[in-house]
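As structure tokens, the structure follows; a few thoughts come after it.
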Amino acid sequence: QVQLVQSGGGLVQVGGSLRVSCAASGRTFSTKAMGWFRQAPDKEREFVAVINWSGDSRSYADFVKGRFTVSRDNAKNMGYLQMDSLKPDDTAVYYCAVDRYPFRPLLQLTRDAEFGSWGQGTQVTVSS
């Protein structure tokens, strides 16, 4: 079982940038996709982005395309979500997560039920 600890995030003004990091423990991290989700107050948790196990394939929700970048460093057991051109609607708690199974294609990995390990969540607040 992979364990995830998040850091980063915080408060930023409209148009600013933030990065959330996700440190993973466990030997299977490098074989599994990493996803990012967010949950705003009084809303359902929603998919943001996912990166495959090797880091050479990514998928994004339409509302973050061109603004957010997901990456990973398997040698360091780290995942990252770089958020640029932030908007007030991006205000939410952001979660990293790791796939339940190794080597799966990204097409399956937009639902939170597909992920078996979760970070503790990080608050991102965009002020106008």
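Numbering starts fresh at 1 for the residues of each chain in the structure tokens, the chains themselves are lettered A, B, ... in the order given, and ligands are numbered from 1 as they appear.
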*chain A: which residues are helix (DSSP H, G or I) by DSSP, as a list in words?*
Phe29, Ser30, Thr31, Asp62, Phe63, Val64, Pro88, Asp89, Asp90, Leu106, Leu107, Gln108, Asp112, Ala113 and Glu114 of chain A
Using only C-alpha atoms, what does the table of region 32-71 of chain A residues within 8 Å of region 89-108 of chain A look like, with each row giving the shortest atom pair and its distance in Å to one decimal, sorted by chain and ascending number, as a tab-separated table?
```
residue	atom	partner	partner_atom	distance
A:Lys32	CA	A:Pro102	CA	4.5
A:Ala33	CA	A:Asp99	CA	5.4
A:Met34	CA	A:Val98	CA	4.6
A:Gly35	CA	A:Ala97	CA	5.1
A:Trp36	CA	A:Cys96	CA	4.6
A:Phe37	CA	A:Tyr95	CA	5.2
A:Arg38	CA	A:Tyr94	CA	4.3
A:Gln39	CA	A:Ala92	CA	5.2
A:Ala40	CA	A:Ala92	CA	4.2
A:Pro41	CA	A:Ala92	CA	7.0
A:Val50	CA	A:Leu106	CA	7.2
A:Ile51	CA	A:Leu106	CA	7.4
A:Asn52	CA	A:Leu106	CA	6.4
A:Trp53	CA	A:Phe103	CA	6.3
A:Ser57	CA	A:Leu106	CA	7.9
A:Arg58	CA	A:Leu106	CA	7.5
A:Ser59	CA	A:Leu106	CA	7.2
```
Got time to write the residues from that selection, C-alpha atoms, as a PDB file, in the first residue's frame?
```pdb
ATOM      1  CA  LYS A  32       1.110   3.130 -10.717  1.00  0.00           C
ATOM      2  CA  ALA A  33      -0.593   6.181 -12.133  1.00  0.00           C
ATOM      3  CA  MET A  34      -1.024   9.230  -9.942  1.00  0.00           C
ATOM      4  CA  GLY A  35      -4.177  11.292 -10.020  1.00  0.00           C
ATOM      5  CA  TRP A  36      -5.159  14.686  -8.667  1.00  0.00           C
ATOM      6  CA  PHE A  37      -8.651  15.605  -7.501  1.00  0.00           C
ATOM      7  CA  ARG A  38     -10.193  18.588  -5.789  1.00  0.00           C
ATOM      8  CA  GLN A  39     -13.208  19.325  -3.645  1.00  0.00           C
ATOM      9  CA  ALA A  40     -14.672  22.783  -3.215  1.00  0.00           C
ATOM     10  CA  PRO A  41     -17.057  23.646  -0.358  1.00  0.00           C
ATOM     11  CA  VAL A  50      -3.682  12.128 -13.989  1.00  0.00           C
ATOM     12  CA  ILE A  51      -0.205  10.998 -15.025  1.00  0.00           C
ATOM     13  CA  ASN A  52       0.710   7.457 -15.954  1.00  0.00           C
ATOM     14  CA  TRP A  53       3.205   5.287 -14.103  1.00  0.00           C
ATOM     15  CA  SER A  57       1.303  10.335 -20.595  1.00  0.00           C
ATOM     16  CA  ARG A  58      -1.064  12.833 -18.979  1.00  0.00           C
ATOM     17  CA  SER A  59      -4.722  13.709 -19.013  1.00  0.00           C
TER      18      SER A  59
END
```
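Compared by their closest atoms to Leu109 (chain A), and using only C-alpha atoms, the residues A:Tyr60, A:Gly26, A:Lys76, A:Gln3 rank with A:Tyr60 nearest.
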*Would you mind listing what lies within 10 Å of Gly15 (chain A) as number ranges by chain, with only C-alpha atoms counted and same-chain residues fewer than 4 positions away left out?*
A: 83-88, 126-128
*Those of chain A in DSSP strand (DSSP E or B), formatted as a ChimeraX atom specification*: /A:3-8,10-13,18-25,34-39,46-51,58-60,68-73,78-83,92-99,115-118,122-127
*How far is it from CA of Gln6 (chain A) to CA of Trp118 (chain A), in Å with one decimal?*
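We find that CA of Gln6 (chain A) and CA of Trp118 (chain A) lie 9.5 Å from each other.
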_Proximity to Gly10 (chain A) - best of A:Leu81, A:Val124, A:Val70, A:Val64, only C-alpha atoms_ = A:Val124
*Closest to Val48 (chain A) among A:Phe68, A:Phe29, A:Met78, A:Leu4, using only C-alpha atoms?*
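Among the listed residues, A:Phe68 lies closest to Val48 (chain A).
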*asked:* I'd like to know which of A:Arg27, A:Arg45, A:Arg19, A:Arg72 is closest to Ala113 (chain A), using only C-alpha atoms.
replied: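 Among A:Arg27, A:Arg45, A:Arg19, A:Arg72, it is A:Arg45 that comes nearest to Ala113 (chain A).
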*To one decimal in Å, tell me the separation between CA of Thr31 (chain A) and CA of Phe63 (chain A).*
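One can read the CA of Thr31 (chain A) to CA of Phe63 (chain A) distance as 27.7 Å.
With only C-alpha atoms as the atoms that count, the residue of A:Ser71, A:Ser30, A:Ser25, A:Leu11 with the shortest distance to Ala49 (chain A) is A:Ser71.
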